[in-house]
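Visitor: target21.txt is reproduced in full below (compact mmCIF, C-alpha atoms and all ligand atoms).
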```txt
# COMPACT_ATOMS: atom_id res chain seq x y z
CA MET T 1 25.81 15.13 41.77
CA GLN T 2 28.26 17.32 39.93
CA ASN T 3 28.71 17.62 36.20
CA ASN T 4 31.16 14.77 36.26
CA ALA T 5 28.77 12.39 38.07
CA PRO T 6 28.39 9.06 36.32
CA GLN T 7 25.77 9.58 33.65
CA ASN T 8 23.75 6.50 34.54
CA PHE T 9 22.39 8.18 37.67
CA ARG T 10 19.34 10.35 37.25
CA LYS T 11 19.05 13.66 39.10
CA ILE T 12 15.66 13.90 40.75
CA ILE T 13 14.40 16.76 42.91
CA HIS T 14 11.28 16.57 45.04
CA ILE T 15 9.90 19.92 46.18
CA ASP T 16 7.26 20.24 48.88
CA MET T 17 5.97 23.59 50.13
CA ASP T 18 6.09 24.20 53.90
CA ALA T 19 2.71 24.34 55.70
CA PHE T 20 1.36 25.35 52.33
CA TYR T 21 -2.17 26.70 52.90
CA ALA T 22 -1.19 28.20 56.26
CA SER T 23 1.89 29.92 54.80
CA VAL T 24 -0.19 31.49 52.02
CA GLU T 25 -2.61 32.78 54.67
CA GLN T 26 0.22 34.18 56.81
CA ARG T 27 1.76 35.83 53.77
CA ASP T 28 -1.52 37.47 52.72
CA ASN T 29 -2.66 38.40 56.25
CA PRO T 30 0.25 39.90 58.22
CA GLU T 31 -1.78 39.71 61.45
CA TYR T 32 -1.53 35.89 61.30
CA ARG T 33 2.28 35.82 61.05
CA GLY T 34 4.15 34.15 63.89
CA LYS T 35 0.89 32.83 65.32
CA PRO T 36 -0.69 29.40 65.68
CA LEU T 37 -3.04 29.13 62.71
CA VAL T 38 -5.26 26.37 61.36
CA VAL T 39 -6.68 26.28 57.85
CA GLY T 40 -9.69 24.01 57.57
CA GLY T 41 -13.18 23.42 58.90
CA LEU T 42 -14.25 25.60 61.80
CA PRO T 43 -14.50 23.88 65.22
CA GLN T 44 -18.11 25.08 65.58
CA GLY T 45 -19.16 23.19 62.45
CA ARG T 46 -20.01 19.50 62.26
CA GLY T 47 -17.10 17.28 61.32
CA GLY T 48 -14.65 20.15 60.65
CA VAL T 49 -11.07 18.92 60.20
CA VAL T 50 -7.66 20.57 60.00
CA ALA T 51 -6.37 20.83 56.42
CA THR T 52 -3.05 22.14 57.67
CA ALA T 53 -1.56 24.01 60.61
CA SER T 54 1.16 26.67 60.74
CA TYR T 55 4.45 25.55 62.30
CA GLU T 56 3.55 27.66 65.36
CA ALA T 57 0.35 25.57 65.76
CA ARG T 58 2.22 22.29 65.26
CA LYS T 59 4.16 23.00 68.48
CA PHE T 60 0.86 22.33 70.28
CA GLY T 61 0.49 18.95 68.57
CA ILE T 62 -2.00 20.12 65.94
CA ARG T 63 -1.80 18.10 62.72
CA SER T 64 -3.52 17.71 59.32
CA ALA T 65 -6.74 15.65 59.35
CA MET T 66 -7.27 16.18 63.10
CA PRO T 67 -10.81 17.24 64.10
CA SER T 68 -10.87 21.04 64.46
CA LYS T 69 -12.48 20.67 67.88
CA GLN T 70 -9.44 18.76 69.09
CA ALA T 71 -7.13 21.44 67.66
CA LEU T 72 -8.98 24.05 69.69
CA GLN T 73 -8.55 21.96 72.85
CA LEU T 74 -4.81 21.63 72.23
CA CYS T 75 -4.42 25.38 71.68
CA PRO T 76 -7.37 27.52 72.81
CA HIS T 77 -5.95 30.71 71.22
CA VAL T 78 -5.34 29.12 67.78
CA ILE T 79 -6.75 31.12 64.85
CA PHE T 80 -9.04 29.22 62.45
CA VAL T 81 -9.49 30.26 58.84
CA ARG T 82 -11.48 28.67 56.01
CA PRO T 83 -9.42 27.58 52.98
CA ARG T 84 -9.12 29.93 49.97
CA PHE T 85 -8.49 27.41 47.20
CA PRO T 86 -8.08 29.94 44.36
CA ALA T 87 -5.17 31.56 46.25
CA TYR T 88 -3.45 28.18 46.69
CA LYS T 89 -4.01 27.32 43.07
CA GLU T 90 -2.44 30.59 41.98
CA ALA T 91 0.64 30.01 44.16
CA SER T 92 0.83 26.48 42.78
CA GLN T 93 0.83 27.72 39.19
CA LYS T 94 3.61 30.17 40.04
CA ILE T 95 5.85 27.52 41.58
CA ARG T 96 5.32 25.37 38.50
CA GLU T 97 6.40 28.28 36.32
CA ILE T 98 9.59 28.53 38.40
CA PHE T 99 10.23 24.78 37.96
CA SER T 100 9.74 25.10 34.19
CA ARG T 101 12.74 27.44 33.96
CA TYR T 102 14.93 24.44 34.73
CA THR T 103 13.17 21.43 33.17
CA ASP T 104 10.00 20.35 31.40
CA LEU T 105 10.03 17.01 33.21
CA ILE T 106 7.77 18.11 36.07
CA GLU T 107 5.31 15.74 37.72
CA PRO T 108 2.97 17.52 40.13
CA LEU T 109 1.63 15.31 42.92
CA SER T 110 -0.66 17.93 44.41
CA LEU T 111 -0.85 21.70 44.52
CA ASP T 112 2.23 21.95 46.74
CA GLU T 113 4.41 19.07 45.66
CA ALA T 114 6.24 17.95 42.52
CA TYR T 115 9.01 15.78 41.19
CA LEU T 116 11.50 17.28 38.76
CA ASP T 117 13.93 15.35 36.62
CA VAL T 118 16.97 17.59 36.10
CA THR T 119 19.34 14.94 34.72
CA THR T 120 19.70 17.49 31.95
CA ASP T 121 18.54 20.99 32.76
CA LYS T 122 17.62 23.83 30.43
CA LEU T 123 20.20 26.23 31.88
CA ASN T 124 23.08 23.74 31.87
CA ILE T 125 23.63 24.19 35.57
CA GLY T 126 24.46 20.51 35.98
CA SER T 127 24.32 20.33 39.77
CA ALA T 128 20.92 19.23 41.05
CA ILE T 129 21.75 20.70 44.46
CA GLU T 130 22.44 24.08 42.90
CA ILE T 131 19.15 23.88 40.96
CA ALA T 132 17.21 23.02 44.13
CA GLN T 133 18.84 25.99 45.90
CA GLN T 134 17.93 28.34 43.06
CA ILE T 135 14.32 27.09 43.01
CA LYS T 136 13.98 27.57 46.77
CA GLN T 137 15.43 31.08 46.48
CA ALA T 138 13.09 32.01 43.59
CA ILE T 139 10.07 30.76 45.59
CA LYS T 140 11.23 32.96 48.49
CA ASP T 141 11.94 36.04 46.41
CA GLU T 142 8.96 35.89 44.09
CA LEU T 143 6.26 34.29 46.25
CA GLN T 144 7.40 35.02 49.82
CA LEU T 145 6.93 31.33 50.64
CA THR T 146 9.33 28.57 51.65
CA ALA T 147 9.77 25.08 50.26
CA SER T 148 11.77 22.03 51.26
CA ALA T 149 13.70 19.99 48.73
CA GLY T 150 15.04 16.47 48.49
CA VAL T 151 17.69 15.68 45.90
CA SER T 152 18.68 12.15 44.93
CA ILE T 153 18.89 9.58 42.17
CA ASN T 154 15.28 8.41 42.26
CA LYS T 155 11.78 9.51 43.20
CA PHE T 156 11.38 7.58 46.41
CA VAL T 157 14.60 8.76 48.02
CA ALA T 158 14.10 12.36 46.81
CA LYS T 159 10.60 12.45 48.30
CA THR T 160 11.66 10.93 51.59
CA ALA T 161 14.62 13.33 51.74
CA SER T 162 12.48 16.45 51.24
CA ASP T 163 10.71 15.64 54.51
CA ILE T 164 13.89 15.38 56.59
CA LYS T 165 14.62 19.07 57.20
CA LYS T 166 11.39 20.97 57.19
CA PRO T 167 10.73 23.87 56.93
CA ASP T 168 13.09 25.50 54.40
CA GLY T 169 15.32 22.41 54.13
CA LEU T 170 17.46 20.90 51.42
CA THR T 171 18.62 17.33 51.79
CA PHE T 172 20.90 15.58 49.33
CA ILE T 173 21.27 11.81 49.35
CA GLY T 174 24.02 10.99 46.88
CA PRO T 175 24.42 7.72 44.97
CA SER T 176 26.81 6.20 47.51
CA SER T 177 24.55 7.11 50.47
CA VAL T 178 21.28 5.79 49.08
CA GLU T 179 21.53 2.21 50.35
CA GLY T 180 22.64 3.23 53.85
CA PHE T 181 19.83 5.77 53.96
CA MET T 182 17.26 3.12 53.04
CA GLU T 183 18.63 0.66 55.60
CA LYS T 184 18.12 3.14 58.44
CA LEU T 185 14.66 4.20 57.31
CA PRO T 186 11.79 3.13 59.62
CA VAL T 187 9.27 0.93 57.78
CA GLU T 188 6.39 3.37 58.31
CA LYS T 189 8.23 5.88 56.12
CA PHE T 190 8.15 3.49 53.16
CA PHE T 191 5.77 4.51 50.43
CA GLY T 192 2.81 2.13 50.47
CA VAL T 193 3.12 1.30 54.16
CA GLY T 194 0.04 2.51 56.01
CA LYS T 195 -0.93 1.81 59.58
CA VAL T 196 -2.11 -1.74 58.92
CA THR T 197 0.99 -2.85 57.02
CA ALA T 198 3.28 -1.12 59.53
CA GLN T 199 1.62 -3.03 62.36
CA LYS T 200 2.02 -6.29 60.51
CA MET T 201 5.70 -5.57 59.81
CA LYS T 202 6.42 -4.72 63.42
CA GLY T 203 4.68 -7.92 64.49
CA MET T 204 7.16 -9.74 62.26
CA GLY T 205 10.11 -7.89 63.84
CA LEU T 206 10.59 -5.69 60.78
CA HIS T 207 11.34 -2.14 61.94
CA THR T 208 13.73 -0.65 59.39
CA GLY T 209 14.88 -1.03 55.81
CA ALA T 210 17.74 -3.19 57.04
CA ASP T 211 15.20 -5.66 58.49
CA LEU T 212 13.28 -5.77 55.21
CA LYS T 213 16.51 -6.38 53.36
CA LYS T 214 16.96 -9.71 55.10
CA LEU T 215 13.89 -11.09 53.32
CA SER T 216 13.96 -12.52 49.82
CA GLU T 217 11.79 -11.11 47.05
CA ASP T 218 9.57 -14.20 47.30
CA GLU T 219 9.12 -13.80 51.04
CA LEU T 220 8.26 -10.12 50.70
CA THR T 221 5.72 -10.85 47.96
CA ARG T 222 4.20 -13.67 49.97
CA HIS T 223 3.70 -11.47 53.02
CA PHE T 224 2.81 -8.16 51.39
CA GLY T 225 1.52 -9.00 47.91
CA LYS T 226 2.56 -7.16 44.79
CA VAL T 227 4.14 -4.26 46.65
CA GLY T 228 6.63 -6.71 48.21
CA ARG T 229 8.59 -6.49 44.97
CA PHE T 230 8.79 -2.72 45.30
CA PHE T 231 10.08 -3.06 48.87
CA TYR T 232 12.71 -5.53 47.69
CA GLN T 233 14.00 -3.08 45.11
CA ILE T 234 13.68 0.17 47.01
CA VAL T 235 15.57 -1.07 50.03
CA ARG T 236 18.43 -1.70 47.61
CA GLY T 237 18.13 1.88 46.37
CA ILE T 238 16.35 0.94 43.14
CA ASP T 239 13.29 2.90 42.03
CA ASN T 240 13.01 3.14 38.26
CA ARG T 241 9.71 5.03 38.15
CA GLU T 242 10.08 7.90 35.75
CA VAL T 243 9.05 11.48 36.31
CA GLN T 244 5.90 11.70 34.21
CA PRO T 245 4.85 15.18 33.16
CA ASP T 246 1.27 16.21 32.40
CA ARG T 247 -0.57 13.04 33.04
CA GLU T 248 -4.23 13.73 33.13
CA THR T 249 -6.14 13.17 36.35
CA LYS T 250 -8.58 10.37 35.60
CA SER T 251 -9.88 9.69 39.06
CA LEU T 252 -9.42 10.74 42.64
CA ALA T 253 -9.81 8.15 45.35
CA ALA T 254 -9.47 7.49 49.06
CA GLU T 255 -9.75 4.19 50.80
CA ASP T 256 -9.04 2.58 54.11
CA THR T 257 -8.07 -0.92 55.18
CA PHE T 258 -9.40 -1.67 58.64
CA PRO T 259 -7.43 -3.34 61.42
CA TYR T 260 -10.42 -5.67 61.90
CA ASP T 261 -13.32 -6.61 59.61
CA LEU T 262 -16.43 -4.44 59.78
CA THR T 263 -19.68 -6.32 60.33
CA THR T 264 -22.32 -3.73 61.25
CA LEU T 265 -23.98 -1.14 59.06
CA GLU T 266 -23.23 1.58 61.63
CA GLU T 267 -19.49 0.90 61.48
CA MET T 268 -19.52 0.76 57.68
CA GLU T 269 -21.41 4.02 57.35
CA ALA T 270 -19.16 5.76 59.87
CA GLU T 271 -16.06 4.69 57.93
CA LEU T 272 -17.64 5.65 54.61
CA GLU T 273 -18.34 9.11 55.96
CA LYS T 274 -14.65 9.60 56.85
CA ILE T 275 -13.52 8.36 53.45
CA ALA T 276 -16.09 10.59 51.70
CA GLN T 277 -14.72 13.54 53.68
CA THR T 278 -11.17 12.82 52.50
CA VAL T 279 -12.24 12.51 48.84
CA CYS T 280 -14.31 15.65 49.16
CA ASN T 281 -11.37 17.63 50.61
CA ARG T 282 -9.14 16.53 47.77
CA LEU T 283 -11.71 17.34 45.09
CA GLN T 284 -12.11 20.80 46.53
CA GLN T 285 -8.35 21.19 46.88
CA TYR T 286 -7.93 20.47 43.16
CA GLN T 287 -11.16 22.24 42.24
CA LEU T 288 -12.54 19.18 40.50
CA LYS T 289 -16.07 17.83 40.13
CA GLY T 290 -16.69 14.25 39.05
CA ARG T 291 -19.77 12.74 37.45
CA THR T 292 -19.18 9.14 38.57
CA VAL T 293 -18.97 7.90 42.16
CA THR T 294 -17.43 4.44 42.58
CA LEU T 295 -17.56 2.40 45.75
CA LYS T 296 -14.97 -0.30 46.29
CA ILE T 297 -15.42 -3.09 48.80
CA LYS T 298 -12.94 -5.76 49.78
CA TYR T 299 -14.36 -8.54 51.89
CA GLY T 300 -12.73 -10.57 54.65
CA ASP T 301 -11.96 -13.31 52.10
CA PHE T 302 -10.15 -10.74 49.87
CA LYS T 303 -12.88 -10.85 47.23
CA GLN T 304 -13.26 -7.38 45.80
CA ILE T 305 -16.17 -5.64 44.07
CA THR T 306 -16.88 -2.15 42.76
CA ARG T 307 -20.23 -0.44 42.20
CA ASN T 308 -20.78 2.94 40.64
CA GLN T 309 -23.36 5.57 39.93
CA SER T 310 -23.15 8.46 37.47
CA PHE T 311 -24.73 11.89 37.53
CA SER T 312 -25.51 14.27 34.69
CA GLU T 313 -23.58 17.06 36.44
CA GLY T 314 -20.21 16.95 38.21
CA ILE T 315 -20.39 16.81 42.00
CA ASN T 316 -17.89 17.41 44.80
CA ASP T 317 -20.00 17.98 47.90
CA LEU T 318 -19.80 15.75 50.94
CA GLU T 319 -23.54 15.24 51.23
CA THR T 320 -24.01 13.78 47.73
CA ILE T 321 -20.81 11.71 47.74
CA SER T 322 -21.56 10.25 51.13
CA ALA T 323 -25.25 9.51 50.38
CA THR T 324 -24.33 7.87 47.05
CA ALA T 325 -21.70 5.69 48.68
CA ARG T 326 -24.17 4.63 51.38
CA ARG T 327 -26.78 3.78 48.76
CA LEU T 328 -24.29 1.75 46.70
CA LEU T 329 -23.19 -0.08 49.84
CA ALA T 330 -26.76 -0.91 50.90
CA ALA T 331 -27.50 -2.27 47.42
CA THR T 332 -24.69 -4.86 47.72
CA GLY T 333 -26.49 -6.56 50.62
CA ILE T 334 -24.58 -6.19 53.86
CA ASP T 335 -26.16 -8.95 55.92
CA GLU T 336 -23.56 -11.31 57.32
CA VAL T 337 -20.66 -9.81 55.39
CA LYS T 338 -17.23 -8.98 56.72
CA ILE T 339 -15.63 -5.92 55.16
CA ARG T 340 -11.89 -5.36 55.25
CA LEU T 341 -11.59 -2.32 53.02
CA LEU T 342 -13.83 0.47 51.78
CA GLY T 343 -12.95 3.04 49.15
CA ILE T 344 -14.64 5.83 47.24
CA SER T 345 -13.45 7.36 43.99
CA LEU T 346 -14.73 10.14 41.77
CA SER T 347 -14.08 10.11 38.03
CA ASN T 348 -15.40 11.57 34.78
CA PHE T 349 -14.19 15.04 35.55
CA ASN T 350 -15.91 17.80 33.72
CA PRO T 351 -14.12 19.73 32.34
CA PRO T 352 -11.20 17.31 32.27
CA ALA T 353 -8.46 18.12 34.78
CA PRO T 354 -5.68 20.05 33.00
CA SER T 355 -2.79 18.04 34.30
CA ARG T 356 -2.22 15.17 36.58
CA GLN T 357 -2.39 15.82 40.29
CA ARG T 358 -2.42 12.26 41.39
CA GLU T 359 -2.79 11.53 45.05
CA GLU T 360 0.37 9.89 46.23
CA LYS T 361 0.24 10.04 50.00
CA PRO T 362 1.25 6.84 51.75
CA THR T 363 -1.81 4.68 52.31
CA ASP T 364 -2.46 1.01 52.63
CA GLN T 365 -3.59 0.89 49.08
CA LEU T 366 -1.18 -0.47 46.57
CA SER T 367 -3.02 0.33 43.41
CA LEU T 368 -1.25 3.69 43.21
CA PHE T 369 2.01 2.05 42.29
CA GLU T 370 3.44 1.94 38.86
CA PHE T 371 6.31 -0.53 38.57
N1 LIG M 1 -3.99 19.05 52.95
C1 LIG M 1 -5.33 18.80 53.26
N2 LIG M 1 -5.69 17.71 54.03
C2 LIG M 1 -4.72 16.86 54.48
C3 LIG M 1 -3.35 17.08 54.17
C4 LIG M 1 -3.02 18.21 53.41
O1 LIG M 1 -6.19 19.57 52.85
N3 LIG M 1 -5.07 15.81 55.23
C5 LIG M 1 -3.63 20.26 52.17
C6 LIG M 1 -3.22 21.39 53.08
C7 LIG M 1 -1.72 21.45 52.96
C8 LIG M 1 -1.49 20.94 51.56
O2 LIG M 1 -2.54 20.01 51.30
O3 LIG M 1 -1.22 22.78 53.16
C9 LIG M 1 -0.14 20.28 51.39
O4 LIG M 1 -0.04 19.13 52.18
P1 LIG M 1 1.29 18.71 52.92
O5 LIG M 1 1.10 17.33 53.41
O6 LIG M 1 2.49 18.99 52.06
O7 LIG M 1 1.33 19.65 54.22
P2 LIG M 1 1.83 21.12 54.39
O8 LIG M 1 2.42 21.68 53.14
O9 LIG M 1 0.72 21.93 54.97
O10 LIG M 1 2.93 20.99 55.51
P3 LIG M 1 4.44 20.42 55.39
O11 LIG M 1 5.32 21.58 55.74
O12 LIG M 1 4.52 19.34 56.41
O13 LIG M 1 4.62 19.94 53.99
MG MG M 2 3.82 20.61 52.03
```
Could you spell out this file's structure in structure tokens?
Guide:
Amino acid sequence: MQNNAPQNFRKIIHIDMDAFYASVEQRDNPEYRGKPLVVGGLPQGRGGVVATASYEARKFGIRSAMPSKQALQLCPHVIFVRPRFPAYKEASQKIREIFSRYTDLIEPLSLDEAYLDVTTDKLNIGSAIEIAQQIKQAIKDELQLTASAGVSINKFVAKTASDIKKPDGLTFIGPSSVEGFMEKLPVEKFFGVGKVTAQKMKGMGLHTGADLKKLSEDELTRHFGKVGRFFYQIVRGIDNREVQPDRETKSLAAEDTFPYDLTTLEEMEAELEKIAQTVCNRLQQYQLKGRTVTLKIKYGDFKQITRNQSFSEGINDLETISATARRLLAATGIDEVKIRLLGISLSNFNPPAPSRQREEKPTDQLSLFEF
């Protein structure tokens, strides 16, 4: 991607901070440096989970979203610390200020992740690789943190690339390498492929992009619904989604598709509790409170309903979110139903979220896509 690159290719950078919360803690507390560290719920507490783990802790198999108790079993000398959201938010604002030196087309995905469109950049540097290097260096010099970058011609490939060499990596997938890169990519790395879809694909003998490429657009849509069209295009290196700056956060959701239909209230409530925990973590991560809780249910026959309840004040605590979701579920009548998917979202943020921090982690839900 030099200055003389054909102008019809965009230059997209995806930046993702390395072990973000844990790195901020190690930076601010020198005694934690070089040590296995978990940021999240304490193992003594009920239902505490790992938000993130330092790279030293990952060597023991500790991962995000794992119960803290399990993390302690994997590494008995691991240090646990509670999250300090204001510190992460401050670091996040500073990285965004660094990005804005190069372009105004910045789309944050969360506190530690953003897409940048540098097809034209403010400093006339021209090379997206050079810009990514400069951004990484500025983050190191000014924030004493490291980031990994992916550079390519579209969002999907840039995001996938940023994950290839972590920590402190920079991966460039040029226009002529994009299709080969997609062909080799395992299906579970495709955006929109969660555990249920991945299982289904493997059952059909589809393991990589190259396998998906053998199917027609019709076949992909038939098997995977609307997202089949996205798979058809992306495996050919096509992803026309634009980098969208400053889109307001309207809602924050989490949902799960189950490998088998839920039939008992106990199972449904247990799953709802997990989903409520995820939503709650994200709300606290973004420091948001919502006034409306919406429950989404998809039944075994694919029929889908939503039910919601609003409050006069914004909420973001697990207790209220979970109890509201349970109440909404009970009111739908759960006798003799089969439930395939449950989801909870919070909306009506007050005050409105300043800029979009849309959740874009791979899940089985397809509603996050914009085609
Ligand atoms: N996070 C969380 N709960 C999760 C996943 C992440 O609270 N289940 C928070 C903590 C992370 C931050 O979001 O530090 C960024 O998430 P990433 O997935 O980018 O993970 P990290 O930045 O921690 O690590 P990596 O180096 O793999 O990007
Ligand atoms: Mg990260």
Visitor: Could you list, as a list in words, all residues that come within 10 Å of ligand MG 2 (chain M)? Count all atoms listed in the file.
Guide: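 Result of the 10 Å neighbour search around ligand MG 2 (chain M): Ile15, Asp16, Met17, Asp18, Ala19, Phe20, Tyr21, Ser23, Thr52, Ser110, Leu111, Asp112, Glu113, Thr146, Ala147, Ser148, Ser162, Asp163, Lys166 and Pro167 of chain T.
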Visitor: Which of these residues is nearest to ligand LIG 1 (chain M), using all atoms listed in the file: T:Leu42, T:Val118, T:Ile334, T:Cys280?
Guide: T:Cys280
Visitor: Considering all atoms listed in the file, return as an mmCIF file with C-alpha atoms, keeping the file's coordinate frame whatever protein or nucleic-acid residues lie within 8 Å of stretch 53-59 of chain T, sequence-local ones (same chain, fewer than 2 positions apart) excluded.
Guide:
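Produced file around_24.cif, reproduced below:
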```cif
data_model
loop_
_atom_site.group_PDB
_atom_site.id
_atom_site.type_symbol
_atom_site.label_atom_id
_atom_site.label_comp_id
_atom_site.auth_asym_id
_atom_site.auth_seq_id
_atom_site.Cartn_x
_atom_site.Cartn_y
_atom_site.Cartn_z
ATOM 1 C CA ALA T 19 2.710 24.340 55.700
ATOM 2 C CA ALA T 22 -1.190 28.200 56.260
ATOM 3 C CA SER T 23 1.890 29.920 54.800
ATOM 4 C CA GLY T 34 4.150 34.150 63.890
ATOM 5 C CA LYS T 35 0.890 32.830 65.320
ATOM 6 C CA PRO T 36 -0.690 29.400 65.680
ATOM 7 C CA LEU T 37 -3.040 29.130 62.710
ATOM 8 C CA VAL T 38 -5.260 26.370 61.360
ATOM 9 C CA VAL T 39 -6.680 26.280 57.850
ATOM 10 C CA VAL T 50 -7.660 20.570 60.000
ATOM 11 C CA ALA T 51 -6.370 20.830 56.420
ATOM 12 C CA GLY T 61 0.490 18.950 68.570
ATOM 13 C CA ILE T 62 -2.000 20.120 65.940
ATOM 14 C CA ARG T 63 -1.800 18.100 62.720
ATOM 15 C CA SER T 64 -3.520 17.710 59.320
ATOM 16 C CA CYS T 75 -4.420 25.380 71.680
ATOM 17 C CA VAL T 78 -5.340 29.120 67.780
#
```
Visitor: Out of T:Leu116, T:Ile297, T:His14, T:Gly48, which residue has the shortest atom-to-atom distance to T:Ile164 when counting all atoms listed in the file?
Guide: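 For T:Ile164, the nearest of the candidates is T:His14.
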Visitor: Nearest to ligand LIG 1 (chain M) among T:Asp168, T:Asp141, T:Glu266, T:Asp121, with distances taken over only C-alpha atoms and all ligand atoms: which residue is it?
Guide: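 Comparing T:Asp168, T:Asp141, T:Glu266, T:Asp121 against ligand LIG 1 (chain M), the winner is T:Asp168.
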Visitor: With all atoms listed in the file as the basis for distance, which of T:Lys189, T:Arg33, T:Arg291, T:Lys165 is at the shortest distance from ligand LIG 1 (chain M)?
Guide: T:Lys165
Visitor: How far is it from atom N1 of ligand LIG 1 (chain M) to atom CA of T:Lys159, in Å with one decimal?
Guide: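 Atom CA of T:Lys159 lies 16.7 Å from atom N1 of ligand LIG 1 (chain M).
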Visitor: In terms of the shortest atom-to-atom distance over all atoms listed in the file, which of T:Gly174, T:Ile234, T:Arg27, T:Gln284 is closest to T:Lys140?
Guide: T:Arg27
Visitor: T:Gln44: which residues within 12 Å, counting only C-alpha atoms, same-chain residues fewer than 2 positions away excluded, as a ChimeraX atom specification?
Guide: /T:40-42,46-49,67-72,80
Visitor: So, counting all atoms listed in the file, which residue among T:Phe85, T:Tyr260, T:Tyr102, T:Phe172 is closest to ligand LIG 1 (chain M)?
Guide: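 Among T:Phe85, T:Tyr260, T:Tyr102, T:Phe172, it is T:Phe85 that comes nearest to ligand LIG 1 (chain M).
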Visitor: Could you tell me how far atom CA of T:Asp261 sits from atom CA of T:Gly300, in Å to one decimal place?
Guide: 6.4 Å
Visitor: Skipping near chain neighbours, those fewer than 6 positions away, what residues fall within 10 Å of T:Ala325 using only C-alpha atoms, listed as a PyMOL selection string?
Guide: chain T and resi 269+272-273+275-276+293-296+307-309+331+342-345
Visitor: Interatomic distance between atom CA of T:Gly209 and atom CA of T:Pro186?
Guide: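 These atoms are spaced 6.4 Å apart.
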